[in-house]
Structure formats: structure tokens, C-alpha cells
Amino acid sequence: RTGLDRFERAFPKRWTGARIGLVGHPASIDAGLAHASEILQCSRKVRLRALFGPQHGLLGQTQDNMVEWEGFRDPFTRLPVFSLYGAVRKPRPEWLRGLDLLVVDLQDAGSRYYTFIWTLALCLEACAEAGKAIVVLDRPNPIGGALVEGPVLDPAYASFVGLKPLPVRHGMTIGEIARYLHGRYYPDADLDVVPMEGWARGYGFRRTGLPWVMPSPNLPTPDTALVYPGMCLLEGTNLSE
């Protein structure tokens with residue numbers, strides 16, 4: 001059971017009634033394939049006021065890598081959608097105005113250069129600066145949490161495919177990444193993590209029994225996530241994957 005599956009039961013009581021913004025994408029779904037935006041809009045625990053999307057968009061609408069997108073109004077919820085992969089990567093202060101907190105529900109791929117964890121990092125930074133809280137709904141690392149492989153990033157080469165020191169295959173869930181970033185780099189952020197239930201570090205994604213929805217358009221299966229830590233290194237060469 002993901003953090004989203006446990007939302008109604010495990011969401012922090014202190015934020016009951018809060019005005020929230022959701023940071024999500026196509027894989028922000030529960031075990032029954034309901035999207036987080038639908039779940040949070042219908043919930044009596046919170047008041048959904050805005051949507052935010054990472055690379056490839058809230059709806060996965062920008063397939064090509066490194067293609068930026070701009071905000072729009074969501075036709076289903078009628079809420080504003082702010083792009084965190086357009087003119088800016090970090091939520092603007094004016095976007096957070098009128099919100100009490102951000103809820104982050106992103107399915108990561110388990111590799112340092114998959115950008116969703118760095119969107120999370122910039123959300124932590126923005127919330128700390130704006131005095132807003134952040135709640136991360138935990139999800140499985142699709143390639144498991146038992147193996148850590150590859151060199152740790154040299155901070156001299158920090159970029160949006162690696163903002164902070166992590167090994168290539170980091171072995172953490174997105175909730176654990178949030179706690180790492182909070183403890184090491186953004187201690188002023190008001191962070192809560194809604195943990196999973198029933199996940200073990202040795203689980204590959206198929207063993208979770210959860211439905212796989214593409215977190216980005218070119219990650220169609222859990223097997224793609226498994227080869228990604230090595231295959232993505234070819235993007236730094238003149239070879240084609």
C-alpha cells in the first residue's frame with residue numbers, strides 16, 4: 001500500500017482542512033488506478049487548490065526528453081497547473097501563496113539522473129523559503145532498495161540530473177530521499193512522509209502487486225527502470241540507446 005493508498009488513514013492530522021497543491025504525474029495513482037488529483041479533490045481532509053507537474057508534464061504530455069512545457073488549466077479539476085519543467089524548475093513564491101502545503105506523489109525510477117527526485121528537492125527548498133509545509137506520499141523504488149551501485153555525484157558537476165551527492169543506483173524510496181534531503185540540505189523545511197505499508201527492500205516492482213503506470217513516456221515497464229541506471233549513461237556519449 002503506497003502513501004496515496006494510505007492517504008485517508010495516515011495523512012497527518014495537523015493538516016486536516018489544509019489548502020494544498022499536488023505535485024504529481026501520470027503514475028500518481030492508487031491501487032485501483034484512481035489518480036491522486038481525483039482522490040485529493042474528493043477528500044474531506046484537504047482542499048486541493050493547485051496542481052504542479054515535473055518533467056514530461058502532469059499528464060505525461062511531453063514525450064521527448066528535455067522538452068519544456070508551460071502551465072495550463074486542468075480541464076477535469078478546473079485547477080491551475082504549474083510547470084516545474086518550464087521557465088523555472090522550482091515553485092515560484094506566488095504559486096505557493098494561498099497554499100498551506102505541497103503534497104508530493106511521484107513514482108521515482110531508482111536512478112540518480114531521473115529528475116523527479118530533484119523536483120522534490122526544489123520543492124523542499126521552495127517550501128522552506130516560503131514557510132510552507134510539504135508532505136511526501138511514499139512509493140516503492142521499482143528496482144528495489146537492497147542494492148546501491150555506481151559512483152557518488154561530484155558536487156562540482158551538479159545539474160538537474162543530479163543536484164546532490166547520491167550514487168547512480170541510490171536504493172531509496174522517494175520518501176527516504178525526502179528525509180535524506182531534509183536532514184542534510186533543507187532542515188528548515190516542515191516535512192512529513194506518509195509511509196508505505198508492506199514493502200520490503202528486496203522487492204522488485206512486480207512483487208508489490210501494484211499496477212505499473214508509466215511515470216514518464218519512455219519508461220513503459222518495470223524492466224525499463226531496471227536497465228535505466230546503466231543505459232542512461234549512453235546519453236552522455238555519441239551513441240544512441
# chains A, B, ... in the order shown; residues from 1 in each chain; ligands from 1

$ residues_around --residues "range 194-200 of chain A" --least-positions-apart "6" --cutoff "9 Å" --atoms "only C-alpha atoms" --output "PDB file with N, CA and C atoms, in the first residue's frame"
ATOM      1  N   ARG A   1       0.846  -1.185   0.000  1.00  0.00           N
ATOM      2  CA  ARG A   1       0.000   0.000   0.000  1.00  0.00           C
ATOM      3  C   ARG A   1       0.884   1.238   0.000  1.00  0.00           C
ATOM      4  N   THR A   2       0.706   2.059  -1.034  1.00  0.00           N
ATOM      5  CA  THR A   2       1.517   3.265  -1.163  1.00  0.00           C
ATOM      6  C   THR A   2       1.032   4.337  -0.194  1.00  0.00           C
ATOM      7  N   GLY A   3       1.785   5.430  -0.142  1.00  0.00           N
ATOM      8  CA  GLY A   3       1.341   6.562   0.662  1.00  0.00           C
ATOM      9  C   GLY A   3      -0.005   7.086   0.212  1.00  0.00           C
ATOM     10  N   LEU A   4      -0.258   7.062  -1.108  1.00  0.00           N
ATOM     11  CA  LEU A   4      -1.558   7.513  -1.607  1.00  0.00           C
ATOM     12  C   LEU A   4      -2.661   6.557  -1.182  1.00  0.00           C
ATOM     13  N   ASP A   5      -2.402   5.242  -1.233  1.00  0.00           N
ATOM     14  CA  ASP A   5      -3.396   4.264  -0.784  1.00  0.00           C
ATOM     15  C   ASP A   5      -3.746   4.461   0.688  1.00  0.00           C
ATOM     16  N   ARG A   6      -2.796   4.980   1.465  1.00  0.00           N
ATOM     17  CA  ARG A   6      -2.981   5.152   2.902  1.00  0.00           C
ATOM     18  C   ARG A   6      -3.374   6.588   3.269  1.00  0.00           C
ATOM     19  N   PHE A   7      -3.647   7.415   2.253  1.00  0.00           N
ATOM     20  CA  PHE A   7      -3.831   8.843   2.485  1.00  0.00           C
ATOM     21  C   PHE A   7      -4.931   9.127   3.509  1.00  0.00           C
ATOM     22  N   ALA A  10      -3.698   7.822   7.001  1.00  0.00           N
ATOM     23  CA  ALA A  10      -2.386   8.166   7.560  1.00  0.00           C
ATOM     24  C   ALA A  10      -1.945   9.598   7.300  1.00  0.00           C
ATOM     25  N   PHE A  11      -2.747  10.402   6.607  1.00  0.00           N
ATOM     26  CA  PHE A  11      -2.370  11.800   6.378  1.00  0.00           C
ATOM     27  C   PHE A  11      -2.274  12.517   7.735  1.00  0.00           C
ATOM     28  N   PRO A  12      -1.233  13.345   7.928  1.00  0.00           N
ATOM     29  CA  PRO A  12      -1.054  13.997   9.235  1.00  0.00           C
ATOM     30  C   PRO A  12      -2.287  14.779   9.678  1.00  0.00           C
ATOM     31  N   VAL A 135       4.351  17.396   2.307  1.00  0.00           N
ATOM     32  CA  VAL A 135       4.031  16.016   2.675  1.00  0.00           C
ATOM     33  C   VAL A 135       4.345  15.137   1.470  1.00  0.00           C
ATOM     34  N   VAL A 136       5.190  14.133   1.659  1.00  0.00           N
ATOM     35  CA  VAL A 136       5.562  13.217   0.587  1.00  0.00           C
ATOM     36  C   VAL A 136       4.834  11.897   0.800  1.00  0.00           C
ATOM     37  N   LEU A 137       4.110  11.448  -0.229  1.00  0.00           N
ATOM     38  CA  LEU A 137       3.445  10.155  -0.198  1.00  0.00           C
ATOM     39  C   LEU A 137       4.422   9.123  -0.762  1.00  0.00           C
ATOM     40  N   ASP A 138       4.857   8.194   0.072  1.00  0.00           N
ATOM     41  CA  ASP A 138       5.921   7.282  -0.330  1.00  0.00           C
ATOM     42  C   ASP A 138       5.434   6.259  -1.354  1.00  0.00           C
ATOM     43  N   ARG A 139       6.356   5.841  -2.205  1.00  0.00           N
ATOM     44  CA  ARG A 139       6.120   4.822  -3.230  1.00  0.00           C
ATOM     45  C   ARG A 139       7.332   3.901  -3.321  1.00  0.00           C
ATOM     46  N   PRO A 140       7.164   2.684  -3.850  1.00  0.00           N
ATOM     47  CA  PRO A 140       8.294   1.756  -3.943  1.00  0.00           C
ATOM     48  C   PRO A 140       9.386   2.261  -4.879  1.00  0.00           C
ATOM     49  N   GLY A 144      14.012  -1.913  -6.434  1.00  0.00           N
ATOM     50  CA  GLY A 144      14.339  -2.439  -5.115  1.00  0.00           C
ATOM     51  C   GLY A 144      15.220  -1.506  -4.311  1.00  0.00           C
ATOM     52  N   GLY A 145      15.319  -1.819  -3.022  1.00  0.00           N
ATOM     53  CA  GLY A 145      16.114  -0.996  -2.126  1.00  0.00           C
ATOM     54  C   GLY A 145      17.270  -1.747  -1.503  1.00  0.00           C
ATOM     55  N   ALA A 146      17.598  -2.921  -2.060  1.00  0.00           N
ATOM     56  CA  ALA A 146      18.643  -3.755  -1.457  1.00  0.00           C
ATOM     57  C   ALA A 146      20.021  -3.491  -2.046  1.00  0.00           C
ATOM     58  N   GLY A 175      10.242   8.691  -0.407  1.00  0.00           N
ATOM     59  CA  GLY A 175      10.100   9.181   0.967  1.00  0.00           C
ATOM     60  C   GLY A 175      11.429   9.206   1.693  1.00  0.00           C
ATOM     61  N   THR A 208       5.341  -6.196  -5.747  1.00  0.00           N
ATOM     62  CA  THR A 208       4.455  -5.355  -4.938  1.00  0.00           C
ATOM     63  C   THR A 208       2.986  -5.630  -5.239  1.00  0.00           C
TER      64      THR A 208
END

$ residues_around --residues "Val23 in chain A" --least-positions-apart "3" --cutoff "8 Å" --atoms "only C-alpha atoms" --output "list of chain:residue names"
A:Leu51, A:Phe52, A:Gly53, A:Pro54, A:Leu102, A:Val103, A:Val104, A:Asp105, A:Leu106

$ atom_distance --atom1 "CA of Arg184 in chain A" --atom2 "CA of Gly21 in chain A"
24.6 Å

$ atom_distance --atom1 "CA of Leu181 in chain A" --atom2 "CA of Ala121 in chain A"
6.7 Å

$ select_by_dssp --residues "range 180-240 of chain A" --states "strand (DSSP E or B)" --output "list in words"
Asp190, Leu191, Asp192, Val193 and Val194 of chain A

$ write_last_selection --atoms "N, CA and C atoms" --output "PDB file, in the first residue's frame"
ATOM      1  N   ASP A 190       9.403  22.001   6.657  1.00  0.00           N
ATOM      2  CA  ASP A 190       8.458  21.293   7.525  1.00  0.00           C
ATOM      3  C   ASP A 190       7.972  20.071   6.755  1.00  0.00           C
ATOM      4  N   LEU A 191       8.610  18.920   6.990  1.00  0.00           N
ATOM      5  CA  LEU A 191       8.393  17.719   6.186  1.00  0.00           C
ATOM      6  C   LEU A 191       7.662  16.635   6.953  1.00  0.00           C
ATOM      7  N   ASP A 192       6.673  16.026   6.302  1.00  0.00           N
ATOM      8  CA  ASP A 192       6.061  14.781   6.754  1.00  0.00           C
ATOM      9  C   ASP A 192       6.123  13.778   5.603  1.00  0.00           C
ATOM     10  N   VAL A 193       6.298  12.512   5.926  1.00  0.00           N
ATOM     11  CA  VAL A 193       6.248  11.440   4.937  1.00  0.00           C
ATOM     12  C   VAL A 193       5.152  10.470   5.345  1.00  0.00           C
ATOM     13  N   VAL A 194       4.242  10.179   4.423  1.00  0.00           N
ATOM     14  CA  VAL A 194       3.246   9.138   4.658  1.00  0.00           C
ATOM     15  C   VAL A 194       3.857   7.829   4.151  1.00  0.00           C
TER      16      VAL A 194
END

$ atom_distance --atom1 "CA of Glu149 in chain A" --atom2 "CA of Val213 in chain A"
25.3 Å

$ residues_around --residues "Ala18 in chain A" --least-positions-apart "4" --cutoff "9 Å" --atoms "only C-alpha atoms" --output "VMD selection string"
chain A and resid 14 45 to 48 99 to 101

$ residues_around --residues "Ile39 in chain A" --least-positions-apart "2" --cutoff "10 Å" --atoms "only C-alpha atoms" --output "PDB file with N, CA and C atoms, in the first residue's frame"
ATOM      1  N   LEU A   4      -0.258   7.062  -1.108  1.00  0.00           N
ATOM      2  CA  LEU A   4      -1.558   7.513  -1.607  1.00  0.00           C
ATOM      3  C   LEU A   4      -2.661   6.557  -1.182  1.00  0.00           C
ATOM      4  N   ASP A   5      -2.402   5.242  -1.233  1.00  0.00           N
ATOM      5  CA  ASP A   5      -3.396   4.264  -0.784  1.00  0.00           C
ATOM      6  C   ASP A   5      -3.746   4.461   0.688  1.00  0.00           C
ATOM      7  N   PHE A   7      -3.647   7.415   2.253  1.00  0.00           N
ATOM      8  CA  PHE A   7      -3.831   8.843   2.485  1.00  0.00           C
ATOM      9  C   PHE A   7      -4.931   9.127   3.509  1.00  0.00           C
ATOM     10  N   GLU A   8      -6.100   8.548   3.327  1.00  0.00           N
ATOM     11  CA  GLU A   8      -7.221   8.875   4.199  1.00  0.00           C
ATOM     12  C   GLU A   8      -6.955   8.468   5.652  1.00  0.00           C
ATOM     13  N   ILE A  29      -1.112   7.304  -8.951  1.00  0.00           N
ATOM     14  CA  ILE A  29      -2.381   6.575  -8.904  1.00  0.00           C
ATOM     15  C   ILE A  29      -2.395   5.645  -7.695  1.00  0.00           C
ATOM     16  N   ASP A  30      -3.612   5.267  -7.277  1.00  0.00           N
ATOM     17  CA  ASP A  30      -3.719   4.301  -6.188  1.00  0.00           C
ATOM     18  C   ASP A  30      -3.840   2.886  -6.769  1.00  0.00           C
ATOM     19  N   ALA A  34      -7.092   5.061  -9.585  1.00  0.00           N
ATOM     20  CA  ALA A  34      -7.620   6.424  -9.427  1.00  0.00           C
ATOM     21  C   ALA A  34      -6.456   7.389  -9.247  1.00  0.00           C
ATOM     22  N   HIS A  35      -6.514   8.531  -9.914  1.00  0.00           N
ATOM     23  CA  HIS A  35      -5.413   9.492  -9.862  1.00  0.00           C
ATOM     24  C   HIS A  35      -5.472  10.312  -8.578  1.00  0.00           C
ATOM     25  N   ALA A  36      -4.289  10.698  -8.104  1.00  0.00           N
ATOM     26  CA  ALA A  36      -4.197  11.467  -6.857  1.00  0.00           C
ATOM     27  C   ALA A  36      -5.008  12.750  -6.918  1.00  0.00           C
ATOM     28  N   SER A  37      -5.065  13.396  -8.070  1.00  0.00           N
ATOM     29  CA  SER A  37      -5.832  14.651  -8.169  1.00  0.00           C
ATOM     30  C   SER A  37      -7.307  14.409  -7.891  1.00  0.00           C
ATOM     31  N   GLN A  41      -9.092  15.783  -4.500  1.00  0.00           N
ATOM     32  CA  GLN A  41     -10.185  16.735  -4.711  1.00  0.00           C
ATOM     33  C   GLN A  41     -11.468  16.257  -4.027  1.00  0.00           C
ATOM     34  N   CYS A  42     -11.633  14.946  -3.939  1.00  0.00           N
ATOM     35  CA  CYS A  42     -12.836  14.398  -3.308  1.00  0.00           C
ATOM     36  C   CYS A  42     -12.684  14.223  -1.797  1.00  0.00           C
ATOM     37  N   SER A  43     -11.456  14.326  -1.298  1.00  0.00           N
ATOM     38  CA  SER A  43     -11.214  14.080   0.117  1.00  0.00           C
ATOM     39  C   SER A  43     -11.764  15.217   0.977  1.00  0.00           C
ATOM     40  N   ARG A  44     -12.261  14.855   2.145  1.00  0.00           N
ATOM     41  CA  ARG A  44     -12.713  15.857   3.110  1.00  0.00           C
ATOM     42  C   ARG A  44     -11.585  16.307   4.023  1.00  0.00           C
ATOM     43  N   LEU A  48      -7.918  20.854  -2.238  1.00  0.00           N
ATOM     44  CA  LEU A  48      -6.979  20.917  -3.355  1.00  0.00           C
ATOM     45  C   LEU A  48      -7.176  22.229  -4.105  1.00  0.00           C
TER      46      LEU A  48
END

$ closest_residue --among "A:Cys123, A:Leu153, A:Ile20, A:Ala189" --to "Arg169 in chain A" --atoms "only C-alpha atoms"
A:Leu153

$ closest_residue --among "A:Tyr228, A:Tyr85, A:Tyr113, A:Tyr203" --to "Gly60 in chain A" --atoms "only C-alpha atoms"
A:Tyr85

$ select_by_dssp --residues "range 19-152 of chain A" --states "alpha helix (DSSP H)" --output "ChimeraX atom specification"
/A:36-42,93-96,116-130

$ closest_residue --among "A:Ala128, A:Pro93, A:Leu210, A:Tyr114" --to "Met66 in chain A" --atoms "only C-alpha atoms"
A:Tyr114

$ closest_residue --among "A:Ser83, A:Arg201, A:Pro151, A:Pro167" --to "Thr62 in chain A" --atoms "only C-alpha atoms"
A:Ser83

$ closest_residue --among "A:Pro217, A:Gly24, A:Gly209, A:Gly204" --to "Leu120 in chain A" --atoms "only C-alpha atoms"
A:Gly24

$ closest_residue --among "A:Ala31, A:Leu163, A:Leu122, A:Leu239" --to "Trp212 in chain A" --atoms "only C-alpha atoms"
A:Ala31

$ decode --residues "range 100-115 of chain A" --atoms "all heavy atoms" --output "mmCIF file, in the first residue's frame"
data_model
loop_
_atom_site.group_PDB
_atom_site.id
_atom_site.type_symbol
_atom_site.label_atom_id
_atom_site.label_comp_id
_atom_site.auth_asym_id
_atom_site.auth_seq_id
_atom_site.Cartn_x
_atom_site.Cartn_y
_atom_site.Cartn_z
ATOM 1 N N ASP A 100 -1.225 26.013 2.052
ATOM 2 C CA ASP A 100 -0.595 25.689 3.328
ATOM 3 C C ASP A 100 0.551 24.701 3.146
ATOM 4 O O ASP A 100 1.524 24.729 3.904
ATOM 5 C CB ASP A 100 -1.622 25.090 4.300
ATOM 6 C CG ASP A 100 -2.772 26.053 4.572
ATOM 7 O OD1 ASP A 100 -2.487 27.196 4.979
ATOM 8 O OD2 ASP A 100 -3.940 25.664 4.361
ATOM 9 N N LEU A 101 0.434 23.851 2.124
ATOM 10 C CA LEU A 101 1.475 22.837 1.927
ATOM 11 C C LEU A 101 1.399 22.260 0.523
ATOM 12 O O LEU A 101 0.402 22.410 -0.184
ATOM 13 C CB LEU A 101 1.348 21.718 2.968
ATOM 14 C CG LEU A 101 0.063 20.886 2.999
ATOM 15 C CD1 LEU A 101 0.200 19.642 2.142
ATOM 16 C CD2 LEU A 101 -0.264 20.468 4.421
ATOM 17 N N LEU A 102 2.489 21.604 0.139
ATOM 18 C CA LEU A 102 2.539 20.801 -1.080
ATOM 19 C C LEU A 102 2.465 19.331 -0.699
ATOM 20 O O LEU A 102 3.112 18.898 0.258
ATOM 21 C CB LEU A 102 3.829 21.053 -1.860
ATOM 22 C CG LEU A 102 3.985 22.384 -2.584
ATOM 23 C CD1 LEU A 102 5.329 22.417 -3.316
ATOM 24 C CD2 LEU A 102 2.843 22.632 -3.554
ATOM 25 N N VAL A 103 1.686 18.567 -1.447
ATOM 26 C CA VAL A 103 1.690 17.109 -1.341
ATOM 27 C C VAL A 103 2.395 16.574 -2.582
ATOM 28 O O VAL A 103 1.992 16.883 -3.711
ATOM 29 C CB VAL A 103 0.256 16.546 -1.258
ATOM 30 C CG1 VAL A 103 0.278 15.022 -1.322
ATOM 31 C CG2 VAL A 103 -0.417 17.006 0.031
ATOM 32 N N VAL A 104 3.467 15.814 -2.380
ATOM 33 C CA VAL A 104 4.262 15.277 -3.490
ATOM 34 C C VAL A 104 3.969 13.791 -3.622
ATOM 35 O O VAL A 104 4.174 13.023 -2.680
ATOM 36 C CB VAL A 104 5.769 15.507 -3.265
ATOM 37 C CG1 VAL A 104 6.581 14.888 -4.401
ATOM 38 C CG2 VAL A 104 6.069 17.001 -3.145
ATOM 39 N N ASP A 105 3.473 13.391 -4.785
ATOM 40 C CA ASP A 105 3.215 11.974 -5.070
ATOM 41 C C ASP A 105 3.804 11.641 -6.433
ATOM 42 O O ASP A 105 3.133 11.761 -7.461
ATOM 43 C CB ASP A 105 1.715 11.671 -5.035
ATOM 44 C CG ASP A 105 1.428 10.184 -5.187
ATOM 45 O OD1 ASP A 105 2.289 9.365 -4.800
ATOM 46 O OD2 ASP A 105 0.350 9.828 -5.689
ATOM 47 N N LEU A 106 5.078 11.253 -6.442
ATOM 48 C CA LEU A 106 5.804 10.973 -7.673
ATOM 49 C C LEU A 106 6.405 9.572 -7.620
ATOM 50 O O LEU A 106 7.057 9.217 -6.631
ATOM 51 C CB LEU A 106 6.933 11.999 -7.881
ATOM 52 C CG LEU A 106 6.512 13.458 -8.093
ATOM 53 C CD1 LEU A 106 7.730 14.370 -8.074
ATOM 54 C CD2 LEU A 106 5.742 13.620 -9.402
ATOM 55 N N GLN A 107 6.195 8.801 -8.671
ATOM 56 C CA GLN A 107 6.834 7.495 -8.787
ATOM 57 C C GLN A 107 8.235 7.687 -9.353
ATOM 58 O O GLN A 107 8.406 8.069 -10.499
ATOM 59 C CB GLN A 107 6.025 6.568 -9.692
ATOM 60 C CG GLN A 107 6.670 5.206 -9.944
ATOM 61 C CD GLN A 107 6.872 4.403 -8.671
ATOM 62 O OE1 GLN A 107 5.906 4.051 -8.001
ATOM 63 N NE2 GLN A 107 8.122 4.108 -8.331
ATOM 64 N N ASP A 108 9.243 7.424 -8.540
ATOM 65 C CA ASP A 108 10.635 7.541 -8.968
ATOM 66 C C ASP A 108 11.043 6.268 -9.711
ATOM 67 O O ASP A 108 10.322 5.267 -9.721
ATOM 68 C CB ASP A 108 11.523 7.777 -7.735
ATOM 69 C CG ASP A 108 12.981 7.960 -8.088
ATOM 70 O OD1 ASP A 108 13.265 8.656 -9.085
ATOM 71 O OD2 ASP A 108 13.842 7.402 -7.380
ATOM 72 N N ALA A 109 12.233 6.298 -10.337
ATOM 73 C CA ALA A 109 12.729 5.138 -11.074
ATOM 74 C C ALA A 109 13.942 4.498 -10.412
ATOM 75 O O ALA A 109 14.414 3.465 -10.885
ATOM 76 C CB ALA A 109 13.075 5.538 -12.509
ATOM 77 N N GLY A 110 14.481 5.107 -9.349
ATOM 78 C CA GLY A 110 15.587 4.492 -8.630
ATOM 79 C C GLY A 110 16.971 4.883 -9.090
ATOM 80 O O GLY A 110 17.968 4.361 -8.579
ATOM 81 N N SER A 111 17.059 5.806 -10.059
ATOM 82 C CA SER A 111 18.356 6.242 -10.585
ATOM 83 C C SER A 111 18.578 7.720 -10.282
ATOM 84 O O SER A 111 17.637 8.518 -10.366
ATOM 85 C CB SER A 111 18.426 6.052 -12.105
ATOM 86 O OG SER A 111 18.216 4.708 -12.449
ATOM 87 N N ARG A 112 19.825 8.070 -9.994
ATOM 88 C CA ARG A 112 20.141 9.452 -9.620
ATOM 89 C C ARG A 112 19.737 10.449 -10.687
ATOM 90 O O ARG A 112 19.299 11.561 -10.378
ATOM 91 C CB ARG A 112 21.652 9.589 -9.358
ATOM 92 C CG ARG A 112 22.075 10.987 -8.949
ATOM 93 C CD ARG A 112 23.567 11.069 -8.721
ATOM 94 N NE ARG A 112 24.323 11.014 -9.955
ATOM 95 C CZ ARG A 112 25.481 10.380 -10.107
ATOM 96 N NH1 ARG A 112 26.009 9.728 -9.086
ATOM 97 N NH2 ARG A 112 26.101 10.383 -11.260
ATOM 98 N N TYR A 113 19.863 10.087 -11.954
ATOM 99 C CA TYR A 113 19.598 11.069 -13.005
ATOM 100 C C TYR A 113 18.153 11.097 -13.471
ATOM 101 O O TYR A 113 17.823 11.776 -14.442
ATOM 102 C CB TYR A 113 20.524 10.866 -14.206
ATOM 103 C CG TYR A 113 21.146 9.512 -14.372
ATOM 104 C CD1 TYR A 113 20.388 8.399 -14.706
ATOM 105 C CD2 TYR A 113 22.514 9.349 -14.179
ATOM 106 C CE1 TYR A 113 20.973 7.166 -14.867
ATOM 107 C CE2 TYR A 113 23.100 8.105 -14.338
ATOM 108 C CZ TYR A 113 22.334 7.013 -14.683
ATOM 109 O OH TYR A 113 22.923 5.779 -14.845
ATOM 110 N N TYR A 114 17.274 10.408 -12.792
ATOM 111 C CA TYR A 114 15.838 10.550 -13.063
ATOM 112 C C TYR A 114 15.361 11.783 -12.302
ATOM 113 O O TYR A 114 15.493 11.865 -11.081
ATOM 114 C CB TYR A 114 15.112 9.294 -12.593
ATOM 115 C CG TYR A 114 13.802 9.036 -13.269
ATOM 116 C CD1 TYR A 114 13.728 8.834 -14.648
ATOM 117 C CD2 TYR A 114 12.623 8.963 -12.535
ATOM 118 C CE1 TYR A 114 12.524 8.581 -15.269
ATOM 119 C CE2 TYR A 114 11.412 8.708 -13.149
ATOM 120 C CZ TYR A 114 11.361 8.515 -14.515
ATOM 121 O OH TYR A 114 10.156 8.268 -15.125
ATOM 122 N N THR A 115 14.780 12.745 -12.999
ATOM 123 C CA THR A 115 14.708 14.106 -12.460
ATOM 124 C C THR A 115 13.659 14.329 -11.375
ATOM 125 O O THR A 115 13.665 15.367 -10.725
ATOM 126 C CB THR A 115 14.436 15.120 -13.592
ATOM 127 O OG1 THR A 115 13.183 14.824 -14.213
ATOM 128 C CG2 THR A 115 15.549 15.093 -14.623
#
